[in-house]
Structures are given as structure tokens and as C-alpha cells.
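Have a look at the structure below before the remarks.
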Amino acid sequence: MFEKSAWIRLPRNVVVGHGVIDQVVDVIDDLHLHGRPLFVTSPTPRKVAAEPIVAAFEATSVDPAVVTIEKATFDAVERVIETANAEDVSYLVGIGGGKAIDIAKMASYHLEMGFCSVPTAASHDGIVSNRGSVPDGDTRHSVAAEPPLAVIADTEILADAPWELTTAGCADIISNYTAVMDWRLAHRLKNVEYSEYAAALAEMTAEILVDNADLIRPGLEESSWVVTKALMSSGVAMSIAGSSRPASGAEHLFSHQLDRLAPGAALHGHQVGVGSIMTAYLHGGERGIWQDIRNALASIDAPTTADGLGIDDKTVIESLTTCHEIRDRYTILGDGMDERAAREVATKTGVIS
Ligand SMILES: NC(=O)C1=CN([C@@H]2O[C@H](COP(=O)(O)OP(=O)(O)OC[C@H]3O[C@@H](n4cnc5c(N)ncnc54)[C@H](O)[C@@H]3O)[C@@H](O)[C@H]2O)C=CC1
Ligand SMILES: O=C(CO)COP(=O)(O)O
Ligand SMILES: [Zn+2]
């Protein structure tokens, strides 16, 4: 008897383009969300986007509550939940980079409230996903979170954001190649649940981005358009899979461990990109696709070396040899890399010299 079932939650309104921040009130109205919103943001996105959105709501006699977070932690989620209860809000809007959006979608899930996503940087593929990613001591959780009812991505704001945020978003998508390799491996070896559609979508998204790399240039608003669509498509792959597997494999473990060993040194997307070069090598050896990944990253100005990340060689090796412990996710790293093997892959791929 066939007993499988799936519940895929996707956004209802996706509004992308020049100046669409002016349409946030209309988009919310279209969703029939009523009452007071809570905006979850961080310091720069607050100035860039949250304040104009507050003004737009105030013009309609709605008085939004605002909470500013500095870090993606469970404490921050707790603080947002407390604010939501104290301020008697009806729905949440995440305005900012990956951290603000993650905190907002996790708090919304807990509060059982609607959530909308307003990215201010094309830096990560959590814009539409139904997952939140939070470090917790020695480990890192990928937790169920509320997917957005609407995404409002203003390409003018995204194009004005520092260029490295966009290249980080590109690298987060390019890393789908190795994430999917790890997922297939885990499916074959460990019978991990696998979705051919989600895997194909994640890979195709990376493919289209790499094919359009010529369009991705600083100061070009069209770049934000191309990258944002890819980030959304990658997030949809995660929502279809019901896990971050299509977009997160060993290269993400490597990055999560770097976040612990060298906090704040480099952007999430840049770290996973460098990780992806090395894990592609582990999957395919000399004749694998690691050079294609490295060239794709280089072509959009993303770092390809430890130096480019601003992280020393020793930390890279430590991360490679310990990151399998971060979470229970089977990847090409198996039960961990030997230090000499780690040094060899990092040297052969030019990540360290
Ligand atoms: N839930 C999911 O599926 C996913 C979650 N993530 C998570 O997202 C986080 C990484 O996201 P990021 O955006 O790289 O980090 P982030 O949220 O820390 O943003 C990076 C920096 O960019 C600044 N920023 C954002 N918009 C700006 C603008 N318009 N102008 C100037 N500065 C601006 C932020 O204030 C911050 O200082 C990680 O915690 C990662 O785990 C990443 C991918 C998927
Ligand atoms: O960053 C992500 C996908 O790009 C989310 O992955 P994690 O589940 O590893 O946090
Ligand atoms: Zn990522």
C-alpha cells in the first residue's frame, strides 16, 4: 500500500523588482493579514528598509513594533517571541540578511503567526526556505521554521548593498552542486530520504547562475535580479525537500565550524563556496568538478582561498577535520577527515598554499 504524503509550503506572493519596497503594505493587504506587524531586523537593514516600511504603515494608521537583533541565536528568537507577545502583534516581517530573516521565521513558527520576508541583501538562500539555521554551543541546528507568505525583494536595495553580499549569495547557490552530491551519497549509503525533484531544482539553479555569470557585475541592478531569483529557487528546493539537504552538505558543515572557530571572519556564502571546492575534490578527485566550481566562484569575485576568506590555514584544517561533528548529517566527510588528508585536499585545490 502507498502511504507516502508530503506537505510543501511555498510563498503565495513573490514580488521582485525595482522599488517594490513601496508595495509592502499592498502585499500584506493582499494576504488579508490584519492587525499590528512586528518587524524583525538588524541595525543596517533597519535604516535601509525597515524605517521606510514603518513610515508606509504609519501612513495607513498602523503602528508596527520593531525589534533589532544582532546575532542569530536561540536567545534572539526568544526575545522576538517575548516582544511579539508583549506588543500584541498579529504577524511578523523579517527585514535584512539571513540572520534577521532566520530569527523572524523561527519566532513566527513558534507563535503560529504569518511571516513575510523582505531581504535587503542577496546573500543567502534562506529568503523563502522553511528552515532556520542557528548555532548552539558545539553544534548547529537546522530547524523547522515558518516559510514566508510573501517575499518582497527590492532589486534597487539589493544592488546598493555591499557587493560582497551578492557574491556570497552566488557562492551559496554554487555550493548546491556539492550539497546534492552529499545528499545522493547519503541516500545511497544511509537510506536518507531523497527527492529527485528537489535535487534537480537545486542543481539546475546552480547551473543557470553559472551560465549567467557574465550578467553578475557590481553596480548592475540586473545582477540582483538574476541572483535573487536563483536564491528563491534554491529555497523552494529546500521547501520541497522539507530539509536543507538540497542546499547544504559538507561544505556547509565546514562553514558552520568556521563560524565557531573564527566568528565573523567571513560571510556564510563565501565560506561554503571555499568548502565546496574542497568537497568537490573529495567526491571526484583530480578529474571531478572542483576546478569548475573554483572557476565559477572566481568569475563572480567570490573567494577561493583561505587567504581570500581572511582565515588562516590552520583554522581551515581544523575545521575540515572536525566539522563532521557539528550535526548528524552524513556527507563525503564520513566519520571525519584525517589531518594529513585534509591538508592534502586543501593544498591540491589551492585553498591553502
Ligand atoms: N534558513 C536557511 O535556509 C538559510 C539560512 N542561512 C543563514 O543566513 C546567515 C547568513 O546570511 P547573511 O545575509 O550572509 O548574514 P547576515 O544576516 O549577518 O548579513 C550580513 C551583513 O550584511 C548586512 N546587510 C544586510 N543588508 C544590507 C544592506 N542592504 N546594506 C548594507 N548591509 C547590509 C547585515 O546587517 C550584516 O551585517 C547564516 O546565519 C546562515 O546560516 C543561510 C542560507 C540558508
Ligand atoms: O545555509 C543553508 C543553505 O544554503 C542552510 O543550511 P543549514 O541547514 O546547514 O544551516
Ligand atoms: Zn547556505
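We label chains A, B, ... in the order they appear in the C-alpha cells, count residues from 1 in each chain, and number ligands from 1 in the order shown.
Using only C-alpha atoms, the residues found no farther than 7 Å from segment 264-276 of chain A, other than those of its own chain fewer than 4 positions away, are Ser123, His124, Ala168, Gly169, Ala171, Asp172, Ile174, Ser175, Thr178, Glu251, His252, Phe254, Ser255, Asp259, Ala280, Ala302, Pro303, Thr304, Thr305, Leu309, Gly310 and Ile311 of chain A.
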Show which residues sit within 9 Å of segment 202-215 of chain A, as a PyMOL selection string. Count only C-alpha atoms, and ignore same-chain residues fewer than 6 positions away. chain A and resi 170+173-177+179-180+222-223+226-227+229-231+233-238+246-247+296-297+299-300
Output N, CA and C atoms of each residue in that selection to a file, as a PDB file, in the first residue's frame.
ATOM      1  N   CYS A 170      25.752  34.220  -4.450  1.00  0.00           N
ATOM      2  CA  CYS A 170      26.100  33.380  -5.615  1.00  0.00           C
ATOM      3  C   CYS A 170      26.816  32.121  -5.142  1.00  0.00           C
ATOM      4  N   ILE A 173      24.669  29.493  -3.701  1.00  0.00           N
ATOM      5  CA  ILE A 173      23.957  28.715  -4.735  1.00  0.00           C
ATOM      6  C   ILE A 173      24.907  27.738  -5.431  1.00  0.00           C
ATOM      7  N   ILE A 174      26.111  28.196  -5.738  1.00  0.00           N
ATOM      8  CA  ILE A 174      27.079  27.308  -6.415  1.00  0.00           C
ATOM      9  C   ILE A 174      27.347  26.077  -5.542  1.00  0.00           C
ATOM     10  N   SER A 175      27.283  26.272  -4.226  1.00  0.00           N
ATOM     11  CA  SER A 175      27.541  25.140  -3.315  1.00  0.00           C
ATOM     12  C   SER A 175      26.454  24.066  -3.402  1.00  0.00           C
ATOM     13  N   ASN A 176      25.364  24.351  -4.102  1.00  0.00           N
ATOM     14  CA  ASN A 176      24.327  23.321  -4.285  1.00  0.00           C
ATOM     15  C   ASN A 176      24.896  22.088  -4.988  1.00  0.00           C
ATOM     16  N   TYR A 177      25.889  22.299  -5.854  1.00  0.00           N
ATOM     17  CA  TYR A 177      26.467  21.148  -6.588  1.00  0.00           C
ATOM     18  C   TYR A 177      26.952  20.086  -5.606  1.00  0.00           C
ATOM     19  N   ALA A 179      26.336  20.019  -2.308  1.00  0.00           N
ATOM     20  CA  ALA A 179      25.287  19.626  -1.358  1.00  0.00           C
ATOM     21  C   ALA A 179      24.495  18.449  -1.932  1.00  0.00           C
ATOM     22  N   VAL A 180      24.174  18.536  -3.216  1.00  0.00           N
ATOM     23  CA  VAL A 180      23.380  17.465  -3.841  1.00  0.00           C
ATOM     24  C   VAL A 180      24.217  16.175  -3.949  1.00  0.00           C
ATOM     25  N   GLU A 222      20.514  44.419 -12.620  1.00  0.00           N
ATOM     26  CA  GLU A 222      20.123  43.148 -13.228  1.00  0.00           C
ATOM     27  C   GLU A 222      20.782  41.951 -12.510  1.00  0.00           C
ATOM     28  N   SER A 223      21.982  42.189 -11.950  1.00  0.00           N
ATOM     29  CA  SER A 223      22.666  41.116 -11.211  1.00  0.00           C
ATOM     30  C   SER A 223      21.818  40.683 -10.019  1.00  0.00           C
ATOM     31  N   VAL A 226      18.977  38.489 -11.182  1.00  0.00           N
ATOM     32  CA  VAL A 226      19.400  37.108 -11.508  1.00  0.00           C
ATOM     33  C   VAL A 226      19.685  36.323 -10.234  1.00  0.00           C
ATOM     34  N   VAL A 227      20.425  36.933  -9.308  1.00  0.00           N
ATOM     35  CA  VAL A 227      20.844  36.220  -8.100  1.00  0.00           C
ATOM     36  C   VAL A 227      19.638  35.964  -7.185  1.00  0.00           C
ATOM     37  N   LYS A 229      16.482  35.614  -7.959  1.00  0.00           N
ATOM     38  CA  LYS A 229      15.625  34.535  -8.473  1.00  0.00           C
ATOM     39  C   LYS A 229      16.253  33.171  -8.170  1.00  0.00           C
ATOM     40  N   ALA A 230      17.575  33.102  -8.302  1.00  0.00           N
ATOM     41  CA  ALA A 230      18.259  31.833  -8.012  1.00  0.00           C
ATOM     42  C   ALA A 230      18.152  31.484  -6.523  1.00  0.00           C
ATOM     43  N   LEU A 231      18.276  32.501  -5.666  1.00  0.00           N
ATOM     44  CA  LEU A 231      18.181  32.242  -4.216  1.00  0.00           C
ATOM     45  C   LEU A 231      16.791  31.726  -3.859  1.00  0.00           C
ATOM     46  N   SER A 233      14.748  30.102  -5.896  1.00  0.00           N
ATOM     47  CA  SER A 233      14.590  28.764  -6.460  1.00  0.00           C
ATOM     48  C   SER A 233      15.286  27.722  -5.570  1.00  0.00           C
ATOM     49  N   SER A 234      16.437  28.093  -5.041  1.00  0.00           N
ATOM     50  CA  SER A 234      17.168  27.207  -4.141  1.00  0.00           C
ATOM     51  C   SER A 234      16.373  27.002  -2.838  1.00  0.00           C
ATOM     52  N   GLY A 235      15.760  28.082  -2.347  1.00  0.00           N
ATOM     53  CA  GLY A 235      14.933  27.986  -1.141  1.00  0.00           C
ATOM     54  C   GLY A 235      13.713  27.107  -1.378  1.00  0.00           C
ATOM     55  N   VAL A 236      13.133  27.192  -2.571  1.00  0.00           N
ATOM     56  CA  VAL A 236      11.985  26.345  -2.903  1.00  0.00           C
ATOM     57  C   VAL A 236      12.424  24.872  -2.887  1.00  0.00           C
ATOM     58  N   ALA A 237      13.630  24.614  -3.380  1.00  0.00           N
ATOM     59  CA  ALA A 237      14.141  23.222  -3.354  1.00  0.00           C
ATOM     60  C   ALA A 237      14.166  22.709  -1.911  1.00  0.00           C
ATOM     61  N   MET A 238      14.591  23.570  -0.972  1.00  0.00           N
ATOM     62  CA  MET A 238      14.619  23.153   0.442  1.00  0.00           C
ATOM     63  C   MET A 238      13.196  22.907   0.952  1.00  0.00           C
ATOM     64  N   PRO A 246      19.116  19.856  -0.066  1.00  0.00           N
ATOM     65  CA  PRO A 246      19.470  20.219  -1.444  1.00  0.00           C
ATOM     66  C   PRO A 246      20.486  21.356  -1.523  1.00  0.00           C
ATOM     67  N   ALA A 247      20.619  22.113  -0.423  1.00  0.00           N
ATOM     68  CA  ALA A 247      21.486  23.291  -0.452  1.00  0.00           C
ATOM     69  C   ALA A 247      22.540  23.274   0.643  1.00  0.00           C
ATOM     70  N   ALA A 296      34.019  29.112 -11.327  1.00  0.00           N
ATOM     71  CA  ALA A 296      32.729  29.820 -11.254  1.00  0.00           C
ATOM     72  C   ALA A 296      32.775  30.845 -10.114  1.00  0.00           C
ATOM     73  N   LEU A 297      33.341  30.449  -8.982  1.00  0.00           N
ATOM     74  CA  LEU A 297      33.439  31.378  -7.844  1.00  0.00           C
ATOM     75  C   LEU A 297      34.332  32.562  -8.207  1.00  0.00           C
ATOM     76  N   SER A 299      34.942  33.757 -11.087  1.00  0.00           N
ATOM     77  CA  SER A 299      34.354  34.627 -12.118  1.00  0.00           C
ATOM     78  C   SER A 299      33.354  35.627 -11.530  1.00  0.00           C
ATOM     79  N   ILE A 300      32.810  35.332 -10.355  1.00  0.00           N
ATOM     80  CA  ILE A 300      31.895  36.324  -9.755  1.00  0.00           C
ATOM     81  C   ILE A 300      32.552  37.020  -8.543  1.00  0.00           C
TER      82      ILE A 300
END
All residues 9 Å or closer to Ala56 of chain A, only C-alpha atoms, same chain fewer than 4 positions away omitted, as a list in words: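 Once the adjacent positions are removed, what remains is Asp22, Val24, Val25, Glu51, Pro52, Thr60 and Val62 of chain A.
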Selection export as a PDB file, in the first residue's frame, atoms kept: C-alpha atoms:
ATOM      1  CA  ASP A  22       6.884  50.666  -1.727  1.00  0.00           C
ATOM      2  CA  VAL A  24       4.862  46.088   1.170  1.00  0.00           C
ATOM      3  CA  VAL A  25       1.588  47.490   2.549  1.00  0.00           C
ATOM      4  CA  GLU A  51      12.288  52.562   8.658  1.00  0.00           C
ATOM      5  CA  PRO A  52      10.710  53.391   5.256  1.00  0.00           C
ATOM      6  CA  THR A  60      -2.196  53.874   6.931  1.00  0.00           C
ATOM      7  CA  VAL A  62      -0.933  51.044  11.577  1.00  0.00           C
TER       8      VAL A  62
END
Shell of 9 Å around Glu286 of chain A, only C-alpha atoms, local chain residues under 5 positions omitted, as a ChimeraX atom specification: /A:281,291,348
Interatomic distance (Å, one decimal) between atom CA of Phe74 of chain A and atom 39 (O, counted along the ligand's line) of ligand 1: 11.9 Å
So which residues touch segment 151-166 of chain A within 8 Å, counting only C-alpha atoms, skipping near sequence neighbours fewer than 6 positions away, as a PyMOL selection string? chain A and resi 11+13-21+24+48-49+116-123+127-128+218-225+227-228+267+302
Please write the residues from the selection above to a file, keeping C-alpha atoms, as a JSON list (two decimals), in the first residue's frame.
[["chain", "number", "residue", "atom", "x", "y", "z"],
["A", 11, "PRO", "CA", 5.10, 31.61, -0.62],
["A", 13, "ASN", "CA", 3.18, 36.30, -3.25],
["A", 14, "VAL", "CA", 6.65, 36.79, -4.66],
["A", 15, "VAL", "CA", 7.29, 40.41, -5.61],
["A", 16, "VAL", "CA", 10.71, 41.19, -7.06],
["A", 17, "GLY", "CA", 11.99, 44.31, -8.79],
["A", 18, "HIS", "CA", 12.92, 47.95, -8.73],
["A", 19, "GLY", "CA", 11.29, 49.93, -5.92],
["A", 20, "VAL", "CA", 8.94, 47.14, -4.79],
["A", 21, "ILE", "CA", 9.60, 48.07, -1.16],
["A", 24, "VAL", "CA", 4.86, 46.09, 1.17],
["A", 48, "VAL", "CA", 17.89, 50.89, 4.71],
["A", 49, "ALA", "CA", 14.48, 49.24, 4.63],
["A", 116, "CYS", "CA", 6.81, 37.73, 5.32],
["A", 117, "SER", "CA", 10.36, 38.09, 4.10],
["A", 118, "VAL", "CA", 11.99, 41.33, 2.94],
["A", 119, "PRO", "CA", 15.62, 40.57, 2.07],
["A", 120, "THR", "CA", 17.96, 43.55, 1.97],
["A", 121, "ALA", "CA", 20.90, 41.51, 0.67],
["A", 122, "ALA", "CA", 21.09, 38.76, -1.97],
["A", 123, "SER", "CA", 23.48, 36.94, 0.34],
["A", 127, "ILE", "CA", 14.87, 34.01, 1.72],
["A", 128, "VAL", "CA", 11.98, 31.61, 1.04],
["A", 218, "PRO", "CA", 28.87, 45.19, -9.32],
["A", 219, "GLY", "CA", 26.50, 48.11, -9.70],
["A", 220, "LEU", "CA", 24.24, 46.25, -12.17],
["A", 221, "GLU", "CA", 20.72, 46.00, -10.79],
["A", 222, "GLU", "CA", 20.12, 43.15, -13.23],
["A", 223, "SER", "CA", 22.67, 41.12, -11.21],
["A", 224, "SER", "CA", 20.45, 41.35, -8.13],
["A", 225, "TRP", "CA", 17.53, 40.20, -10.25],
["A", 227, "VAL", "CA", 20.84, 36.22, -8.10],
["A", 228, "THR", "CA", 17.61, 36.79, -6.15],
["A", 267, "LEU", "CA", 30.37, 35.66, 5.09],
["A", 302, "ALA", "CA", 33.95, 35.22, -4.57]]
Which of these, A:His187, A:His110, A:Lys314, A:Arg294, has the shortest distance to Ala262 of chain A once you count only C-alpha atoms? A:Lys314
Might you pull out every residue within 8 Å of Thr322 of chain A, with only C-alpha atoms counted and same-chain residues fewer than 4 positions away left off, and present them as a list in words? Gln257, Glu318, Ile326, Gly336 and Met337 of chain A
Would you put the residues from that selection into a file with N, CA and C atoms, as a short mmCIF file (atom, residue, chain, number, x, y, z; two decimals), in the first residue's frame?
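part07.cif was written with the following content:
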data_model
loop_
_atom_site.label_atom_id
_atom_site.label_comp_id
_atom_site.auth_asym_id
_atom_site.auth_seq_id
_atom_site.Cartn_x
_atom_site.Cartn_y
_atom_site.Cartn_z
N GLN A 257 31.45 25.25 11.07
CA GLN A 257 32.56 25.10 12.02
C GLN A 257 33.45 26.35 12.02
N GLU A 318 41.67 22.69 10.78
CA GLU A 318 40.92 22.28 11.98
C GLU A 318 39.43 22.13 11.66
N ILE A 326 29.59 18.54 13.79
CA ILE A 326 28.64 19.64 14.01
C ILE A 326 27.20 19.15 14.09
N GLY A 336 34.82 11.66 9.57
CA GLY A 336 35.86 12.65 9.84
C GLY A 336 37.10 12.48 8.99
N MET A 337 37.78 13.59 8.72
CA MET A 337 38.99 13.55 7.88
C MET A 337 40.23 13.52 8.74
#
Taking the DSSP assignment computed from this structure's backbone, write out as an MDAnalysis selection string all residues of segment 34-134 of chain A that belong to strand (DSSP E). chainID A and resid 37:41 65:68 91:96 114:119 131:134
Name all residues at most 9 Å from Ala50 of chain A (count only C-alpha atoms; drop same-chain ones fewer than 6 positions away) and give them as a ChimeraX atom specification. /A:39-41,66,95-96
Please write the residues from the selection above to a file, keeping N, CA and C atoms, as a CSV table (one decimal), in the first residue's frame.
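Final output, part.csv:
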chain,number,residue,atom,x,y,z
A,39,PHE,N,8.3,43.9,13.0
A,39,PHE,CA,9.4,43.9,12.1
A,39,PHE,C,10.6,43.4,12.8
A,40,VAL,N,11.2,42.4,12.3
A,40,VAL,CA,12.5,41.8,12.9
A,40,VAL,C,13.6,42.2,12.0
A,41,THR,N,14.5,43.0,12.5
A,41,THR,CA,15.6,43.5,11.6
A,41,THR,C,16.9,43.5,12.3
A,66,VAL,N,8.9,47.1,16.3
A,66,VAL,CA,10.2,46.8,15.7
A,66,VAL,C,11.2,46.2,16.7
A,95,ILE,N,13.2,41.6,8.0
A,95,ILE,CA,13.8,42.6,7.1
A,95,ILE,C,15.3,42.6,7.3
A,96,GLY,N,16.1,42.1,6.3
A,96,GLY,CA,17.5,42.1,6.5
A,96,GLY,C,18.2,41.0,5.8
Taking only segment 191-271 of chain A into account, list the residues labelled helix (DSSP H, G or I) by DSSP (computed from the backbone), as a ChimeraX atom specification. /A:196-211,213-215,221-241,245-247,250-261,268-271
How would the residues just picked look written out with C-alpha atoms as a PDB file, in the first residue's frame?
ATOM      1  CA  GLU A 196      14.788  13.797  -7.180  1.00  0.00           C
ATOM      2  CA  TYR A 197      12.777  16.982  -7.909  1.00  0.00           C
ATOM      3  CA  ALA A 198      14.357  18.995  -5.095  1.00  0.00           C
ATOM      4  CA  ALA A 199      17.839  17.785  -6.055  1.00  0.00           C
ATOM      5  CA  ALA A 200      17.275  18.566  -9.751  1.00  0.00           C
ATOM      6  CA  LEU A 201      15.932  22.041  -8.903  1.00  0.00           C
ATOM      7  CA  ALA A 202      18.907  22.816  -6.642  1.00  0.00           C
ATOM      8  CA  GLU A 203      21.389  21.696  -9.304  1.00  0.00           C
ATOM      9  CA  MET A 204      19.588  23.465 -12.137  1.00  0.00           C
ATOM     10  CA  THR A 205      19.566  26.680 -10.088  1.00  0.00           C
ATOM     11  CA  ALA A 206      23.343  26.495  -9.711  1.00  0.00           C
ATOM     12  CA  GLU A 207      23.677  25.696 -13.428  1.00  0.00           C
ATOM     13  CA  ILE A 208      21.606  28.709 -14.522  1.00  0.00           C
ATOM     14  CA  LEU A 209      23.533  31.016 -12.198  1.00  0.00           C
ATOM     15  CA  VAL A 210      26.881  29.820 -13.538  1.00  0.00           C
ATOM     16  CA  ASP A 211      25.624  30.145 -17.148  1.00  0.00           C
ATOM     17  CA  ALA A 213      27.816  34.661 -14.543  1.00  0.00           C
ATOM     18  CA  ASP A 214      28.557  37.368 -17.171  1.00  0.00           C
ATOM     19  CA  LEU A 215      25.481  39.292 -16.026  1.00  0.00           C
ATOM     20  CA  GLU A 221      20.721  46.004 -10.788  1.00  0.00           C
ATOM     21  CA  GLU A 222      20.123  43.148 -13.228  1.00  0.00           C
ATOM     22  CA  SER A 223      22.666  41.116 -11.211  1.00  0.00           C
ATOM     23  CA  SER A 224      20.452  41.350  -8.132  1.00  0.00           C
ATOM     24  CA  TRP A 225      17.530  40.196 -10.250  1.00  0.00           C
ATOM     25  CA  VAL A 226      19.400  37.108 -11.508  1.00  0.00           C
ATOM     26  CA  VAL A 227      20.844  36.220  -8.100  1.00  0.00           C
ATOM     27  CA  THR A 228      17.610  36.787  -6.151  1.00  0.00           C
ATOM     28  CA  LYS A 229      15.625  34.535  -8.473  1.00  0.00           C
ATOM     29  CA  ALA A 230      18.259  31.833  -8.012  1.00  0.00           C
ATOM     30  CA  LEU A 231      18.181  32.242  -4.216  1.00  0.00           C
ATOM     31  CA  MET A 232      14.423  31.818  -4.245  1.00  0.00           C
ATOM     32  CA  SER A 233      14.590  28.764  -6.460  1.00  0.00           C
ATOM     33  CA  SER A 234      17.168  27.207  -4.141  1.00  0.00           C
ATOM     34  CA  GLY A 235      14.933  27.986  -1.141  1.00  0.00           C
ATOM     35  CA  VAL A 236      11.985  26.345  -2.903  1.00  0.00           C
ATOM     36  CA  ALA A 237      14.141  23.222  -3.354  1.00  0.00           C
ATOM     37  CA  MET A 238      14.619  23.153   0.442  1.00  0.00           C
ATOM     38  CA  SER A 239      10.893  23.583   0.999  1.00  0.00           C
ATOM     39  CA  ILE A 240      10.113  20.731  -1.418  1.00  0.00           C
ATOM     40  CA  ALA A 241      12.659  18.511   0.329  1.00  0.00           C
ATOM     41  CA  ARG A 245      19.751  18.897   2.157  1.00  0.00           C
ATOM     42  CA  PRO A 246      19.470  20.219  -1.444  1.00  0.00           C
ATOM     43  CA  ALA A 247      21.486  23.291  -0.452  1.00  0.00           C
ATOM     44  CA  ALA A 250      29.709  19.033   3.891  1.00  0.00           C
ATOM     45  CA  GLU A 251      30.666  22.473   2.535  1.00  0.00           C
ATOM     46  CA  HIS A 252      28.069  23.917   4.950  1.00  0.00           C
ATOM     47  CA  LEU A 253      29.419  21.859   7.852  1.00  0.00           C
ATOM     48  CA  PHE A 254      32.835  23.344   7.054  1.00  0.00           C
ATOM     49  CA  SER A 255      31.353  26.856   7.112  1.00  0.00           C
ATOM     50  CA  HIS A 256      29.384  26.276  10.320  1.00  0.00           C
ATOM     51  CA  GLN A 257      32.557  25.101  12.021  1.00  0.00           C
ATOM     52  CA  LEU A 258      34.425  28.193  10.767  1.00  0.00           C
ATOM     53  CA  ASP A 259      31.679  30.287  12.366  1.00  0.00           C
ATOM     54  CA  ARG A 260      32.684  28.715  15.675  1.00  0.00           C
ATOM     55  CA  LEU A 261      36.455  28.805  15.165  1.00  0.00           C
ATOM     56  CA  HIS A 268      28.383  32.411   5.168  1.00  0.00           C
ATOM     57  CA  GLY A 269      28.193  32.204   1.356  1.00  0.00           C
ATOM     58  CA  HIS A 270      31.917  32.789   0.885  1.00  0.00           C
ATOM     59  CA  GLN A 271      32.800  30.092   3.418  1.00  0.00           C
TER      60      GLN A 271
END
Measuring between only C-alpha atoms and all ligand atoms, which one of A:Arg188, A:Arg12, A:Arg36, A:Arg140 shows the shortest distance to ligand 1? A:Arg140
